[in-house]
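Asker: Handing you this structure, nothing more for now.
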Amino acid sequence: MFIPKGGAIGIIKKSLRRESGMAIMEMLEQIGFTKGEIKVYLALLELGNTTTGPLIVKSDVARSKVYEILEKLKGKGLATEMTRENIRYFQATSPERIVDYIKAKEKLLEEQELDFAKLLPQLVKMKKTAIENQEVKIYNGIEGLKTLYAEILEQLHHEDEYLAFTFSDTALEEESIQRFFHKFHQKRAAKGVPSRVLVNNRDRLMQKKFDFSDTAFYEIRKSELVLPTGIIIYRDSVITIIWGKMPKAFVVICKDNADRYKNFFDSVWKTAKRLK
């Protein structure tokens, strides 16, 4: 078996130095130094007063990075520079300066904590406002839709408006569902709430099913554009209804969102045509 120079004891010493070096690297990284800064600083400690040539070799840091790292170490008080005969020399300051660096960081963190404590109530208020400004509700099944439309009627006032994009072809196949929406629009009209509805131009069946013009304050138009389906807009709410064996309604309560949908609805409405 081959034993390097120094024998087993030499191997152990080398291993201990390697482990110690790794521990130092890990500790300095935890404190906040980059790997490059650690390599250059440790190399400076070993080399003493040196130029960048030996430093590059010892630290194994690229020449393009060494000067940048040295400036950072100088800024942290861990390196000094002097010029002699137009040659720049660098030297590490005492490792005790790292303790000063840690204390300075602690002091800065304390100051930041105090500053943040002043901002915290404002941030909490912002979060609360965001929650108040946006809320999501989900309604499942026919009974869920009945509950939703009962709530819509409770919330609507004569100064409001009920806007709707057409449903899908299969949405109103059952006569009971058609009667449900017809009854809803009768109650809406009784409250004096106007309603505008957009349907696709080619969807003749849906135009007929959605023509509740026998109720007051109701207007329906058809558009050449391909419209989203199952969208209801009123007050600060936008409702998306997905039909199927188990219908679902997703309600997003958010003024900004509702305003965007209303603007889109109005832009389509201007180019849409009345039903003949």
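Residue numbering restarts at 1 in every chain; chains get A, B, ... in the order shown in the structure tokens, and ligands count up from 1 in that same order.
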Residues at most 9 Å from segment 149-165 of chain A, counting only C-alpha atoms, excluding those fewer than 6 positions away in the same chain, as a list in words?

Answerer: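 Final neighbour list, sorted by chain and number: Phe184, Lys187, Arg188, Lys191, Gly192, Val193, Pro194, Ser195, Arg196, Val197, Leu198, Val199, Asn200, Leu227, Pro228, Thr229, Gly230, Ile231, Ile232, Ile233, Tyr234, Arg235, Lys262 and Phe265 of chain A.
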
Asker: For N, CA and C atoms, I'd like the residues from the last selection saved as a CSV table (one decimal), in the first residue's frame.

Answerer:
chain,number,residue,atom,x,y,z
A,184,PHE,N,-87.0,34.9,-13.4
A,184,PHE,CA,-86.0,35.8,-12.9
A,184,PHE,C,-86.1,37.2,-13.5
A,187,LYS,N,-89.0,39.2,-12.3
A,187,LYS,CA,-88.7,39.8,-11.0
A,187,LYS,C,-87.7,41.0,-11.1
A,188,ARG,N,-86.7,40.8,-12.0
A,188,ARG,CA,-85.8,41.9,-12.3
A,188,ARG,C,-86.5,43.1,-12.8
A,191,LYS,N,-88.3,45.2,-10.3
A,191,LYS,CA,-87.5,46.1,-9.5
A,191,LYS,C,-87.0,47.3,-10.3
A,192,GLY,N,-87.3,47.3,-11.6
A,192,GLY,CA,-86.9,48.5,-12.4
A,192,GLY,C,-85.4,48.4,-12.8
A,193,VAL,N,-84.9,47.2,-12.9
A,193,VAL,CA,-83.4,47.0,-13.2
A,193,VAL,C,-83.3,46.7,-14.7
A,194,PRO,N,-82.6,47.5,-15.5
A,194,PRO,CA,-82.5,47.2,-16.9
A,194,PRO,C,-81.5,46.0,-17.2
A,195,SER,N,-81.8,45.4,-18.3
A,195,SER,CA,-80.9,44.2,-18.7
A,195,SER,C,-80.6,44.3,-20.1
A,196,ARG,N,-79.3,44.0,-20.4
A,196,ARG,CA,-78.9,43.9,-21.8
A,196,ARG,C,-78.2,42.5,-22.0
A,197,VAL,N,-78.6,41.9,-23.1
A,197,VAL,CA,-78.1,40.5,-23.4
A,197,VAL,C,-77.5,40.4,-24.8
A,198,LEU,N,-76.3,39.8,-24.9
A,198,LEU,CA,-75.7,39.6,-26.2
A,198,LEU,C,-75.7,38.1,-26.6
A,199,VAL,N,-76.1,37.8,-27.8
A,199,VAL,CA,-76.0,36.5,-28.3
A,199,VAL,C,-75.2,36.4,-29.6
A,200,ASN,N,-74.8,35.2,-29.9
A,200,ASN,CA,-74.1,35.1,-31.2
A,200,ASN,C,-75.0,35.1,-32.4
A,227,LEU,N,-68.5,35.2,-29.1
A,227,LEU,CA,-68.6,35.7,-27.8
A,227,LEU,C,-68.3,34.6,-26.7
A,228,PRO,N,-67.8,35.1,-25.6
A,228,PRO,CA,-67.7,34.1,-24.5
A,228,PRO,C,-69.1,33.7,-24.0
A,229,THR,N,-69.3,32.5,-23.5
A,229,THR,CA,-70.6,32.1,-23.1
A,229,THR,C,-70.7,32.0,-21.6
A,230,GLY,N,-72.0,32.1,-21.1
A,230,GLY,CA,-72.3,32.0,-19.7
A,230,GLY,C,-71.6,33.0,-18.8
A,231,ILE,N,-71.5,34.2,-19.3
A,231,ILE,CA,-70.9,35.3,-18.5
A,231,ILE,C,-72.0,36.3,-18.1
A,232,ILE,N,-72.1,36.5,-16.8
A,232,ILE,CA,-73.1,37.5,-16.2
A,232,ILE,C,-72.3,38.6,-15.5
A,233,ILE,N,-72.7,39.8,-15.7
A,233,ILE,CA,-72.0,41.0,-15.1
A,233,ILE,C,-73.0,41.8,-14.4
A,234,TYR,N,-72.8,42.1,-13.1
A,234,TYR,CA,-73.7,43.0,-12.4
A,234,TYR,C,-73.0,43.6,-11.2
A,235,ARG,N,-73.2,44.9,-10.9
A,235,ARG,CA,-72.5,45.6,-9.9
A,235,ARG,C,-71.0,45.3,-9.9
A,262,LYS,N,-67.4,45.0,-18.2
A,262,LYS,CA,-68.4,45.9,-18.6
A,262,LYS,C,-67.9,46.7,-19.9
A,265,PHE,N,-68.1,44.4,-22.8
A,265,PHE,CA,-69.5,44.3,-23.2
A,265,PHE,C,-70.0,45.5,-24.0

Asker: DSSP on the backbone, helix (DSSP H, G or I) only: what residues of segment 112-271 of chain A does that give? Format it as an NGL selection string.

Answerer: :A and (112-133 or 141-155 or 175-190 or 204-209 or 255-271)

Asker: Could you work out how far atom CA of Thr34 of chain A lies from atom CA of Leu109 of chain A, giving the answer in Å with one decimal?

Answerer: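 Atom-to-atom, atom CA of Leu109 of chain A and atom CA of Thr34 of chain A are spaced 19.1 Å apart.
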
Asker: For the atom pair atom CA of Gly244 of chain A and atom CA of Phe212 of chain A, what is the interatomic distance in Å to one decimal place?

Answerer: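 That distance, rounded to one decimal, is 22.9 Å.
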
Asker: Taking the DSSP assignment computed from this structure's backbone, write out as a PyMOL selection string all residues of segment 199-265 of chain A that belong to strand (DSSP E).

Answerer: chain A and resi 199-200+218-223+231-234+237-242+248-253

Asker: Just to confirm, what's the straight-line distance from atom CA of Phe180 of chain A to atom CA of Leu145 of chain A in Å (one decimal)?

Answerer: 10.1 Å
